file start-v7.tsv (TSV, N, CA and C atoms and all ligand atoms)
chain	number	residue	atom	x	y	z
A	1	MET	N	45.04	4.15	-27.67
A	1	MET	CA	44.27	3.07	-28.24
A	1	MET	C	43.32	2.50	-27.19
A	2	ALA	N	42.09	2.34	-27.55
A	2	ALA	CA	41.09	1.84	-26.62
A	2	ALA	C	41.30	0.35	-26.34
A	3	GLU	N	41.06	-0.01	-25.03
A	3	GLU	CA	41.20	-1.43	-24.68
A	3	GLU	C	39.99	-2.20	-25.16
A	4	LEU	N	40.23	-3.37	-25.64
A	4	LEU	CA	39.13	-4.21	-26.07
A	4	LEU	C	38.90	-5.29	-25.02
A	5	GLY	N	37.66	-5.44	-24.56
A	5	GLY	CA	37.33	-6.48	-23.60
A	5	GLY	C	37.21	-7.82	-24.30
A	6	LEU	N	37.33	-8.89	-23.50
A	6	LEU	CA	37.18	-10.22	-24.07
A	6	LEU	C	35.73	-10.57	-24.34
A	7	PHE	N	34.85	-9.97	-23.53
A	7	PHE	CA	33.42	-10.25	-23.71
A	7	PHE	C	32.64	-9.04	-23.24
A	8	ASP	N	31.40	-9.03	-23.54
A	8	ASP	CA	30.52	-7.91	-23.14
A	8	ASP	C	30.06	-8.12	-21.70
A	9	ALA	N	30.65	-7.36	-20.77
A	9	ALA	CA	30.33	-7.53	-19.34
A	9	ALA	C	28.89	-7.16	-19.02
A	10	ALA	N	28.32	-6.30	-19.85
A	10	ALA	CA	26.94	-5.88	-19.55
A	10	ALA	C	25.97	-7.06	-19.54
A	11	ALA	N	26.28	-8.05	-20.34
A	11	ALA	CA	25.39	-9.20	-20.41
A	11	ALA	C	25.39	-10.02	-19.12
A	12	TYR	N	26.42	-9.79	-18.29
A	12	TYR	CA	26.54	-10.59	-17.07
A	12	TYR	C	26.21	-9.80	-15.81
A	13	GLN	N	25.72	-8.61	-15.98
A	13	GLN	CA	25.35	-7.82	-14.81
A	13	GLN	C	24.12	-8.42	-14.14
A	14	VAL	N	24.14	-8.33	-12.82
A	14	VAL	CA	22.98	-8.82	-12.06
A	14	VAL	C	21.92	-7.73	-12.09
A	15	LEU	N	20.79	-8.07	-12.62
A	15	LEU	CA	19.70	-7.10	-12.69
A	15	LEU	C	18.94	-7.07	-11.37
A	16	PRO	N	18.44	-5.91	-10.97
A	16	PRO	CA	17.65	-5.86	-9.74
A	16	PRO	C	16.39	-6.72	-9.87
A	17	ALA	N	16.00	-7.28	-8.75
A	17	ALA	CA	14.79	-8.11	-8.75
A	17	ALA	C	13.60	-7.25	-9.12
A	18	PRO	N	12.66	-7.80	-9.86
A	18	PRO	CA	11.47	-7.01	-10.20
A	18	PRO	C	10.75	-6.58	-8.93
A	19	ALA	N	10.18	-5.39	-8.98
A	19	ALA	CA	9.47	-4.86	-7.81
A	19	ALA	C	8.35	-5.81	-7.41
A	20	GLU	N	8.20	-5.97	-6.09
A	20	GLU	CA	7.15	-6.85	-5.58
A	20	GLU	C	5.79	-6.29	-5.97
A	21	LYS	N	4.95	-7.16	-6.49
A	21	LYS	CA	3.60	-6.72	-6.85
A	21	LYS	C	2.73	-6.77	-5.60
A	22	LEU	N	2.25	-5.61	-5.21
A	22	LEU	CA	1.47	-5.52	-3.98
A	22	LEU	C	-0.01	-5.76	-4.26
A	23	SER	N	-0.66	-6.33	-3.28
A	23	SER	CA	-2.10	-6.54	-3.38
A	23	SER	C	-2.81	-5.19	-3.27
A	24	ALA	N	-4.07	-5.17	-3.64
A	24	ALA	CA	-4.85	-3.94	-3.52
A	24	ALA	C	-4.93	-3.49	-2.06
A	25	ASP	N	-5.04	-4.46	-1.14
A	25	ASP	CA	-5.10	-4.10	0.28
A	25	ASP	C	-3.80	-3.44	0.73
A	26	ARG	N	-2.67	-3.99	0.30
A	26	ARG	CA	-1.38	-3.41	0.71
A	26	ARG	C	-1.21	-2.02	0.11
A	27	ARG	N	-1.62	-1.87	-1.14
A	27	ARG	CA	-1.49	-0.54	-1.77
A	27	ARG	C	-2.36	0.48	-1.03
A	28	ARG	N	-3.56	0.07	-0.64
A	28	ARG	CA	-4.45	0.98	0.09
A	28	ARG	C	-3.84	1.32	1.45
A	29	THR	N	-3.27	0.32	2.11
A	29	THR	CA	-2.63	0.57	3.41
A	29	THR	C	-1.49	1.57	3.25
A	30	GLN	N	-0.72	1.44	2.18
A	30	GLN	CA	0.37	2.39	1.95
A	30	GLN	C	-0.17	3.80	1.69
A	31	ARG	N	-1.24	3.90	0.92
A	31	ARG	CA	-1.82	5.23	0.66
A	31	ARG	C	-2.36	5.83	1.95
A	32	GLN	N	-2.97	4.98	2.78
A	32	GLN	CA	-3.51	5.49	4.05
A	32	GLN	C	-2.38	5.96	4.97
A	33	ALA	N	-1.29	5.20	5.00
A	33	ALA	CA	-0.15	5.60	5.84
A	33	ALA	C	0.43	6.92	5.35
A	34	ALA	N	0.49	7.09	4.04
A	34	ALA	CA	1.05	8.32	3.48
A	34	ALA	C	0.18	9.53	3.81
A	35	ILE	N	-1.12	9.35	3.71
A	35	ILE	CA	-2.01	10.50	3.97
A	35	ILE	C	-2.04	10.81	5.47
A	36	LEU	N	-1.90	9.78	6.31
A	36	LEU	CA	-1.80	10.02	7.75
A	36	LEU	C	-0.53	10.80	8.06
A	37	ALA	N	0.56	10.40	7.44
A	37	ALA	CA	1.83	11.09	7.67
A	37	ALA	C	1.75	12.54	7.21
A	38	ALA	N	0.86	12.80	6.26
A	38	ALA	CA	0.69	14.17	5.76
A	38	ALA	C	-0.31	14.97	6.62
A	39	GLY	N	-0.81	14.35	7.69
A	39	GLY	CA	-1.68	15.08	8.61
A	39	GLY	C	-3.15	15.05	8.28
A	40	GLN	N	-3.56	14.07	7.47
A	40	GLN	CA	-4.99	13.96	7.15
A	40	GLN	C	-5.50	12.60	7.59
A	41	HIS	N	-6.81	12.53	7.76
A	41	HIS	CA	-7.40	11.27	8.17
A	41	HIS	C	-7.54	10.34	6.96
A	42	PRO	N	-7.19	9.04	7.12
A	42	PRO	CA	-7.21	8.13	5.97
A	42	PRO	C	-8.59	7.90	5.36
A	43	LEU	N	-9.65	8.05	6.14
A	43	LEU	CA	-10.98	7.82	5.58
A	43	LEU	C	-11.29	8.82	4.47
A	44	GLY	N	-10.61	9.95	4.48
A	44	GLY	CA	-10.81	10.94	3.42
A	44	GLY	C	-10.53	10.37	2.04
A	45	LEU	N	-9.63	9.39	1.95
A	45	LEU	CA	-9.33	8.78	0.65
A	45	LEU	C	-10.57	8.12	0.08
A	46	ALA	N	-11.30	7.40	0.94
A	46	ALA	CA	-12.46	6.64	0.47
A	46	ALA	C	-13.67	7.52	0.22
A	47	ILE	N	-13.82	8.58	1.00
A	47	ILE	CA	-15.03	9.41	0.84
A	47	ILE	C	-14.77	10.58	-0.12
A	48	GLY	N	-13.55	10.67	-0.59
A	48	GLY	CA	-13.25	11.63	-1.65
A	48	GLY	C	-13.21	13.08	-1.24
A	49	ARG	N	-12.85	13.31	0.00
A	49	ARG	CA	-12.70	14.71	0.41
A	49	ARG	C	-11.70	14.81	1.56
A	50	HIS	N	-11.19	15.99	1.71
A	50	HIS	CA	-10.21	16.26	2.77
A	50	HIS	C	-10.88	16.08	4.12
A	51	LEU	N	-10.29	15.25	4.97
A	51	LEU	CA	-10.83	15.02	6.30
A	51	LEU	C	-9.70	15.28	7.30
A	52	PRO	N	-9.69	16.46	7.89
A	52	PRO	CA	-8.59	16.81	8.79
A	52	PRO	C	-8.58	15.95	10.05
A	53	LEU	N	-7.41	15.80	10.62
A	53	LEU	CA	-7.29	15.12	11.90
A	53	LEU	C	-7.81	16.02	13.02
A	54	HIS	N	-8.20	15.39	14.12
A	54	HIS	CA	-8.62	16.12	15.32
A	54	HIS	C	-7.40	16.88	15.85
A	55	PRO	N	-7.60	18.09	16.37
A	55	PRO	CA	-6.43	18.86	16.86
A	55	PRO	C	-5.68	18.16	17.99
A	56	ASP	N	-6.36	17.29	18.75
A	56	ASP	CA	-5.68	16.56	19.83
A	56	ASP	C	-5.30	15.14	19.45
A	57	ALA	N	-5.40	14.81	18.18
A	57	ALA	CA	-5.11	13.44	17.74
A	57	ALA	C	-3.65	13.08	18.04
A	58	PRO	N	-3.42	11.84	18.45
A	58	PRO	CA	-2.05	11.41	18.73
A	58	PRO	C	-1.24	11.33	17.43
A	59	PRO	N	0.09	11.29	17.55
A	59	PRO	CA	0.92	11.20	16.34
A	59	PRO	C	0.62	9.91	15.57
A	60	ALA	N	0.64	10.00	14.26
A	60	ALA	CA	0.30	8.85	13.42
A	60	ALA	C	1.29	7.70	13.57
A	61	ASP	N	2.52	8.00	13.94
A	61	ASP	CA	3.54	6.95	14.01
A	61	ASP	C	3.70	6.38	15.42
A	62	ASP	N	2.79	6.70	16.32
A	62	ASP	CA	2.85	6.17	17.69
A	62	ASP	C	1.48	5.65	18.09
A	63	ARG	N	1.32	4.33	17.99
A	63	ARG	CA	0.01	3.74	18.27
A	63	ARG	C	-0.28	3.62	19.76
A	64	GLN	N	0.72	3.89	20.61
A	64	GLN	CA	0.52	3.80	22.05
A	64	GLN	C	0.20	5.16	22.67
A	65	ALA	N	0.39	6.22	21.94
A	65	ALA	CA	0.18	7.56	22.50
A	65	ALA	C	-1.29	7.77	22.85
A	66	THR	N	-1.51	8.57	23.89
A	66	THR	CA	-2.88	8.87	24.28
A	66	THR	C	-3.46	9.95	23.37
A	67	GLY	N	-4.77	10.00	23.34
A	67	GLY	CA	-5.45	10.99	22.51
A	67	GLY	C	-6.62	10.35	21.81
A	68	PRO	N	-7.46	11.15	21.21
A	68	PRO	CA	-8.65	10.61	20.55
A	68	PRO	C	-8.30	9.76	19.33
A	69	ARG	N	-8.92	8.60	19.30
A	69	ARG	CA	-8.74	7.67	18.18
A	69	ARG	C	-10.11	7.19	17.71
A	70	CYS	N	-10.15	6.68	16.50
A	70	CYS	CA	-11.43	6.16	15.99
A	70	CYS	C	-11.99	5.09	16.90
A	71	GLY	N	-11.13	4.29	17.53
A	71	GLY	CA	-11.60	3.20	18.37
A	71	GLY	C	-12.38	3.63	19.57
A	72	SER	N	-12.27	4.87	20.00
A	72	SER	CA	-13.05	5.34	21.15
A	72	SER	C	-14.10	6.36	20.72
A	73	CYS	N	-14.34	6.45	19.44
A	73	CYS	CA	-15.28	7.44	18.93
A	73	CYS	C	-16.70	6.89	18.90
A	74	TRP	N	-17.63	7.73	19.27
A	74	TRP	CA	-19.04	7.37	19.27
A	74	TRP	C	-19.52	6.92	17.90
A	75	TYR	N	-18.95	7.48	16.86
A	75	TYR	CA	-19.45	7.21	15.51
A	75	TYR	C	-18.92	5.90	14.92
A	76	ARG	N	-17.90	5.32	15.52
A	76	ARG	CA	-17.39	4.06	14.95
A	76	ARG	C	-18.24	2.91	15.48
A	77	GLU	N	-18.79	2.16	14.55
A	77	GLU	CA	-19.60	1.00	14.90
A	77	GLU	C	-19.10	-0.21	14.13
A	78	VAL	N	-19.22	-1.36	14.78
A	78	VAL	CA	-18.87	-2.61	14.11
A	78	VAL	C	-20.16	-3.17	13.51
A	79	LEU	N	-20.18	-3.21	12.19
A	79	LEU	CA	-21.38	-3.65	11.48
A	79	LEU	C	-21.14	-5.05	10.92
A	80	GLY	N	-22.16	-5.86	10.98
A	80	GLY	CA	-22.07	-7.22	10.46
A	80	GLY	C	-22.60	-7.32	9.05
A	81	HIS	N	-21.96	-8.17	8.27
A	81	HIS	CA	-22.42	-8.41	6.90
A	81	HIS	C	-21.87	-9.77	6.45
A	82	HIS	N	-22.76	-10.69	6.13
A	82	HIS	CA	-22.37	-12.04	5.69
A	82	HIS	C	-21.39	-12.69	6.67
A	83	ASN	N	-21.76	-12.75	7.92
A	83	ASN	CA	-20.96	-13.40	8.97
A	83	ASN	C	-19.58	-12.79	9.17
A	84	GLN	N	-19.39	-11.57	8.71
A	84	GLN	CA	-18.14	-10.85	8.96
A	84	GLN	C	-18.50	-9.55	9.68
A	85	SER	N	-17.53	-8.97	10.32
A	85	SER	CA	-17.80	-7.68	10.97
A	85	SER	C	-16.76	-6.66	10.53
A	86	TYR	N	-17.24	-5.44	10.39
A	86	TYR	CA	-16.41	-4.37	9.85
A	86	TYR	C	-16.61	-3.10	10.68
A	87	GLY	N	-15.51	-2.46	11.04
A	87	GLY	CA	-15.60	-1.19	11.74
A	87	GLY	C	-15.84	-0.07	10.73
A	88	LYS	N	-16.94	0.64	10.90
A	88	LYS	CA	-17.30	1.71	9.96
A	88	LYS	C	-17.61	2.99	10.71
A	89	CYS	N	-17.48	4.09	10.02
A	89	CYS	CA	-17.78	5.39	10.60
A	89	CYS	C	-19.20	5.77	10.21
A	90	THR	N	-20.05	6.00	11.23
A	90	THR	CA	-21.46	6.31	10.95
A	90	THR	C	-21.73	7.82	10.93
A	91	ALA	N	-20.69	8.63	11.03
A	91	ALA	CA	-20.89	10.07	10.97
A	91	ALA	C	-21.42	10.47	9.59
A	92	ASP	N	-21.89	11.68	9.48
A	92	ASP	CA	-22.44	12.19	8.22
A	92	ASP	C	-23.59	11.33	7.72
A	93	ASP	N	-24.46	10.91	8.64
A	93	ASP	CA	-25.66	10.14	8.29
A	93	ASP	C	-25.36	8.88	7.48
A	94	GLY	N	-24.23	8.28	7.77
A	94	GLY	CA	-23.91	7.01	7.11
A	94	GLY	C	-23.28	7.15	5.74
A	95	SER	N	-23.04	8.38	5.29
A	95	SER	CA	-22.48	8.54	3.94
A	95	SER	C	-21.01	8.12	3.86
A	96	ARG	N	-20.41	7.82	5.01
A	96	ARG	CA	-19.01	7.37	5.00
A	96	ARG	C	-18.92	5.84	4.92
A	97	ILE	N	-20.05	5.18	4.77
A	97	ILE	CA	-20.08	3.72	4.75
A	97	ILE	C	-20.28	3.22	3.33
A	98	SER	N	-19.48	2.24	2.96
A	98	SER	CA	-19.69	1.52	1.71
A	98	SER	C	-19.51	0.04	2.00
A	99	HIS	N	-19.74	-0.78	1.01
A	99	HIS	CA	-19.51	-2.21	1.18
A	99	HIS	C	-18.04	-2.57	0.95
A	100	GLY	N	-17.24	-1.59	0.57
A	100	GLY	CA	-15.84	-1.86	0.27
A	100	GLY	C	-14.93	-1.70	1.47
A	101	ALA	N	-13.76	-2.29	1.35
A	101	ALA	CA	-12.78	-2.22	2.43
A	101	ALA	C	-12.20	-0.82	2.60
A	102	GLY	N	-12.36	0.02	1.60
A	102	GLY	CA	-11.81	1.37	1.68
A	102	GLY	C	-12.42	2.21	2.78
A	103	THR	N	-13.64	1.87	3.19
A	103	THR	CA	-14.29	2.63	4.27
A	103	THR	C	-14.20	1.92	5.62
A	104	ASP	N	-13.43	0.83	5.69
A	104	ASP	CA	-13.18	0.22	7.00
A	104	ASP	C	-12.35	1.19	7.82
A	105	VAL	N	-12.72	1.32	9.09
A	105	VAL	CA	-12.05	2.30	9.96
A	105	VAL	C	-11.26	1.54	11.03
A	106	ARG	N	-9.96	1.71	11.04
A	106	ARG	CA	-9.10	1.05	12.03
A	106	ARG	C	-9.26	1.72	13.39
A	107	ARG	N	-9.30	0.90	14.43
A	107	ARG	CA	-9.47	1.46	15.79
A	107	ARG	C	-8.30	2.35	16.19
A	108	TRP	N	-7.10	2.04	15.72
A	108	TRP	CA	-5.93	2.79	16.18
A	108	TRP	C	-5.74	4.11	15.43
A	109	TRP	N	-6.50	4.33	14.37
A	109	TRP	CA	-6.30	5.57	13.62
A	109	TRP	C	-6.51	6.78	14.52
A	110	PRO	N	-5.65	7.76	14.40
A	110	PRO	CA	-5.90	9.03	15.10
A	110	PRO	C	-7.24	9.60	14.62
A	111	ALA	N	-7.97	10.20	15.53
A	111	ALA	CA	-9.33	10.65	15.22
A	111	ALA	C	-9.35	11.79	14.21
A	112	CYS	N	-10.47	11.89	13.54
A	112	CYS	CA	-10.69	13.02	12.65
A	112	CYS	C	-11.32	14.17	13.44
A	113	ARG	N	-11.54	15.27	12.79
A	113	ARG	CA	-12.08	16.46	13.48
A	113	ARG	C	-13.49	16.23	14.01
A	114	ASP	N	-14.19	15.22	13.52
A	114	ASP	CA	-15.58	14.97	13.93
A	114	ASP	C	-15.68	14.02	15.11
A	115	TYR	N	-14.56	13.71	15.71
A	115	TYR	CA	-14.53	12.76	16.83
A	115	TYR	C	-15.53	13.16	17.91
A	116	SER	N	-16.19	12.17	18.47
A	116	SER	CA	-17.06	12.39	19.62
A	116	SER	C	-16.77	11.31	20.65
A	117	PRO	N	-16.50	11.69	21.89
A	117	PRO	CA	-16.17	10.67	22.90
A	117	PRO	C	-17.39	9.88	23.35
A	118	GLY	N	-18.57	10.33	23.01
A	118	GLY	CA	-19.74	9.57	23.42
A	118	GLY	C	-20.93	10.44	23.63
A	119	ASP	N	-21.91	9.83	24.24
A	119	ASP	CA	-23.18	10.50	24.45
A	119	ASP	C	-23.52	10.34	25.92
A	120	THR	N	-23.99	11.39	26.55
A	120	THR	CA	-24.30	11.31	27.97
A	120	THR	C	-25.62	10.56	28.22
A	121	ARG	N	-26.36	10.30	27.16
A	121	ARG	CA	-27.59	9.52	27.35
A	121	ARG	C	-27.21	8.05	27.56
A	122	LEU	N	-28.18	7.23	27.91
A	122	LEU	CA	-27.91	5.81	28.11
A	122	LEU	C	-27.45	5.19	26.80
A	123	SER	N	-26.45	4.33	26.90
A	123	SER	CA	-26.01	3.61	25.71
A	123	SER	C	-27.03	2.50	25.43
A	124	PRO	N	-27.04	1.94	24.23
A	124	PRO	CA	-27.97	0.84	23.93
A	124	PRO	C	-27.81	-0.32	24.90
A	125	ASP	N	-26.57	-0.60	25.34
A	125	ASP	CA	-26.36	-1.71	26.30
A	125	ASP	C	-26.99	-1.39	27.64
A	126	ALA	N	-26.79	-0.18	28.13
A	126	ALA	CA	-27.35	0.19	29.42
A	126	ALA	C	-28.86	0.16	29.38
A	127	ALA	N	-29.45	0.55	28.29
A	127	ALA	CA	-30.90	0.60	28.18
A	127	ALA	C	-31.51	-0.80	28.26
A	128	ARG	N	-30.71	-1.83	27.98
A	128	ARG	CA	-31.25	-3.19	28.03
A	128	ARG	C	-31.43	-3.68	29.47
A	129	PHE	N	-30.77	-3.06	30.42
A	129	PHE	CA	-30.86	-3.51	31.80
A	129	PHE	C	-32.15	-2.99	32.43
A	130	ILE	N	-33.01	-3.88	32.74
A	130	ILE	CA	-34.28	-3.49	33.37
A	130	ILE	C	-34.30	-4.12	34.76
A	131	PRO	N	-34.20	-3.29	35.84
A	131	PRO	CA	-34.07	-3.84	37.20
A	131	PRO	C	-35.15	-4.83	37.56
A	132	GLU	N	-36.41	-4.55	37.20
A	132	GLU	CA	-37.50	-5.46	37.58
A	132	GLU	C	-37.28	-6.86	37.03
A	133	VAL	N	-36.79	-6.91	35.83
A	133	VAL	CA	-36.56	-8.21	35.19
A	133	VAL	C	-35.36	-8.89	35.84
A	134	ALA	N	-34.31	-8.11	36.15
A	134	ALA	CA	-33.10	-8.69	36.71
A	134	ALA	C	-33.35	-9.28	38.10
A	135	GLN	N	-34.30	-8.70	38.88
A	135	GLN	CA	-34.57	-9.18	40.25
A	135	GLN	C	-35.55	-10.36	40.26
A	136	ALA	N	-36.23	-10.59	39.18
A	136	ALA	CA	-37.23	-11.66	39.16
A	136	ALA	C	-36.58	-13.04	39.17
A	201	LIG	S1	-16.08	10.46	13.19
A	201	LIG	FE1	-15.05	9.14	14.67
A	201	LIG	S2	-15.02	7.08	13.75
A	201	LIG	FE2	-15.50	8.56	12.15
A	201	LIG	S3	-13.52	8.97	11.20
A	201	LIG	FE3	-13.89	10.58	12.74
A	201	LIG	S4	-12.91	9.81	14.64
A	201	LIG	FE4	-13.08	8.07	13.20
call {"tool": "encode", "arguments": {"input": "start-v7.tsv", "output": "structure tokens"}}
result
Amino acid sequence: MAELGLFDAAAYQVLPAPAEKLSADRRRTQRQAAILAAGQHPLGLAIGRHLPLHPDAPPADDRQATGPRCGSCWYREVLGHHNQSYGKCTADDGSRISHGAGTDVRRWWPACRDYSPGDTRLSPDAARFIPEVAQA
């Protein structure tokens, strides 16, 4: 004979808390972390194509490791817009730039295959130094 309970215990079960609703920024950060863990550069998400990491790029889960990163790349520039500044990738003739946060490039990101450490020509800052003016 089956036992009969005094009440329906299911009604008193503690239900799991509803999943936290993440902001669009947090969801994008999670997608970028996932694609980095999969060995691709996160900017590929925003530009809609596969963007491989540089062969010497540091591990995605170690921000202290040495190696090429977007923050030391010639193509990363900080652009101003409405009193804010945004790190963007100027490679591919600027086609990697949009007004959205999806194309913001973090300095710590491991570099993509298009990484460039710089240019041997004078930088814009160096070109501003004019000895004759400085000695006057
Ligand atoms: S070109 Fe440079 S700044 Fe642009 S995504 Fe690649 S490493 Fe980063």
call {"tool": "residues_around", "arguments": {"input": "start-v7.tsv", "residues": "segment 97-103 of chain A", "least_positions_apart": "6", "cutoff": "7 Å", "atoms": "only C-alpha atoms", "output": "PyMOL selection string"}}
result
chain A and resi 43+46+88-90
call {"tool": "residues_near_ligand", "arguments": {"input": "start-v7.tsv", "ligand": "ligand LIG 201 (chain A)", "cutoff": "6.5 Å", "atoms": "all atoms listed in the file", "output": "CSV table (one decimal) with N, CA and C atoms, in the coordinates of the input"}}
result
chain,number,residue,atom,x,y,z
A,43,LEU,N,-9.6,8.0,6.1
A,43,LEU,CA,-11.0,7.8,5.6
A,43,LEU,C,-11.3,8.8,4.5
A,69,ARG,N,-8.9,8.6,19.3
A,69,ARG,CA,-8.7,7.7,18.2
A,69,ARG,C,-10.1,7.2,17.7
A,70,CYS,N,-10.2,6.7,16.5
A,70,CYS,CA,-11.4,6.2,16.0
A,70,CYS,C,-12.0,5.1,16.9
A,71,GLY,N,-11.1,4.3,17.5
A,71,GLY,CA,-11.6,3.2,18.4
A,71,GLY,C,-12.4,3.6,19.6
A,73,CYS,N,-14.3,6.4,19.4
A,73,CYS,CA,-15.3,7.4,18.9
A,73,CYS,C,-16.7,6.9,18.9
A,74,TRP,N,-17.6,7.7,19.3
A,74,TRP,CA,-19.0,7.4,19.3
A,74,TRP,C,-19.5,6.9,17.9
A,75,TYR,N,-19.0,7.5,16.9
A,75,TYR,CA,-19.4,7.2,15.5
A,75,TYR,C,-18.9,5.9,14.9
A,76,ARG,N,-17.9,5.3,15.5
A,76,ARG,CA,-17.4,4.1,15.0
A,76,ARG,C,-18.2,2.9,15.5
A,77,GLU,N,-18.8,2.2,14.6
A,77,GLU,CA,-19.6,1.0,14.9
A,77,GLU,C,-19.1,-0.2,14.1
A,88,LYS,N,-16.9,0.6,10.9
A,88,LYS,CA,-17.3,1.7,10.0
A,88,LYS,C,-17.6,3.0,10.7
A,89,CYS,N,-17.5,4.1,10.0
A,89,CYS,CA,-17.8,5.4,10.6
A,89,CYS,C,-19.2,5.8,10.2
A,90,THR,N,-20.0,6.0,11.2
A,90,THR,CA,-21.5,6.3,11.0
A,90,THR,C,-21.7,7.8,10.9
A,91,ALA,N,-20.7,8.6,11.0
A,91,ALA,CA,-20.9,10.1,11.0
A,91,ALA,C,-21.4,10.5,9.6
A,110,PRO,N,-5.6,7.8,14.4
A,110,PRO,CA,-5.9,9.0,15.1
A,110,PRO,C,-7.2,9.6,14.6
A,111,ALA,N,-8.0,10.2,15.5
A,111,ALA,CA,-9.3,10.6,15.2
A,111,ALA,C,-9.4,11.8,14.2
A,112,CYS,N,-10.5,11.9,13.5
A,112,CYS,CA,-10.7,13.0,12.6
A,112,CYS,C,-11.3,14.2,13.4
A,113,ARG,N,-11.5,15.3,12.8
A,113,ARG,CA,-12.1,16.5,13.5
A,113,ARG,C,-13.5,16.2,14.0
A,114,ASP,N,-14.2,15.2,13.5
A,114,ASP,CA,-15.6,15.0,13.9
A,114,ASP,C,-15.7,14.0,15.1
A,115,TYR,N,-14.6,13.7,15.7
A,115,TYR,CA,-14.5,12.8,16.8
A,115,TYR,C,-15.5,13.2,17.9
A,116,SER,N,-16.2,12.2,18.5
A,116,SER,CA,-17.1,12.4,19.6
A,116,SER,C,-16.8,11.3,20.6
call {"tool": "select_by_dssp", "arguments": {"input": "start-v7.tsv", "residues": "segment 21-128 of chain A", "states": "alpha helix (DSSP H)", "output": "PyMOL selection string"}}
result
chain A and resi 24-37+43-47+124-127
call {"tool": "atom_distance", "arguments": {"input": "start-v7.tsv", "atom1": "atom N of Gly80 of chain A", "atom2": "atom C of Gly44 of chain A"}}
result
21.9 Å
call {"tool": "residues_around", "arguments": {"input": "start-v7.tsv", "residues": "Arg31 of chain A", "least_positions_apart": "6", "cutoff": "8 Å", "atoms": "only N, CA and C atoms", "output": "list in words"}}
result
Asp25, Ala37, Pro42 and Leu45 of chain A
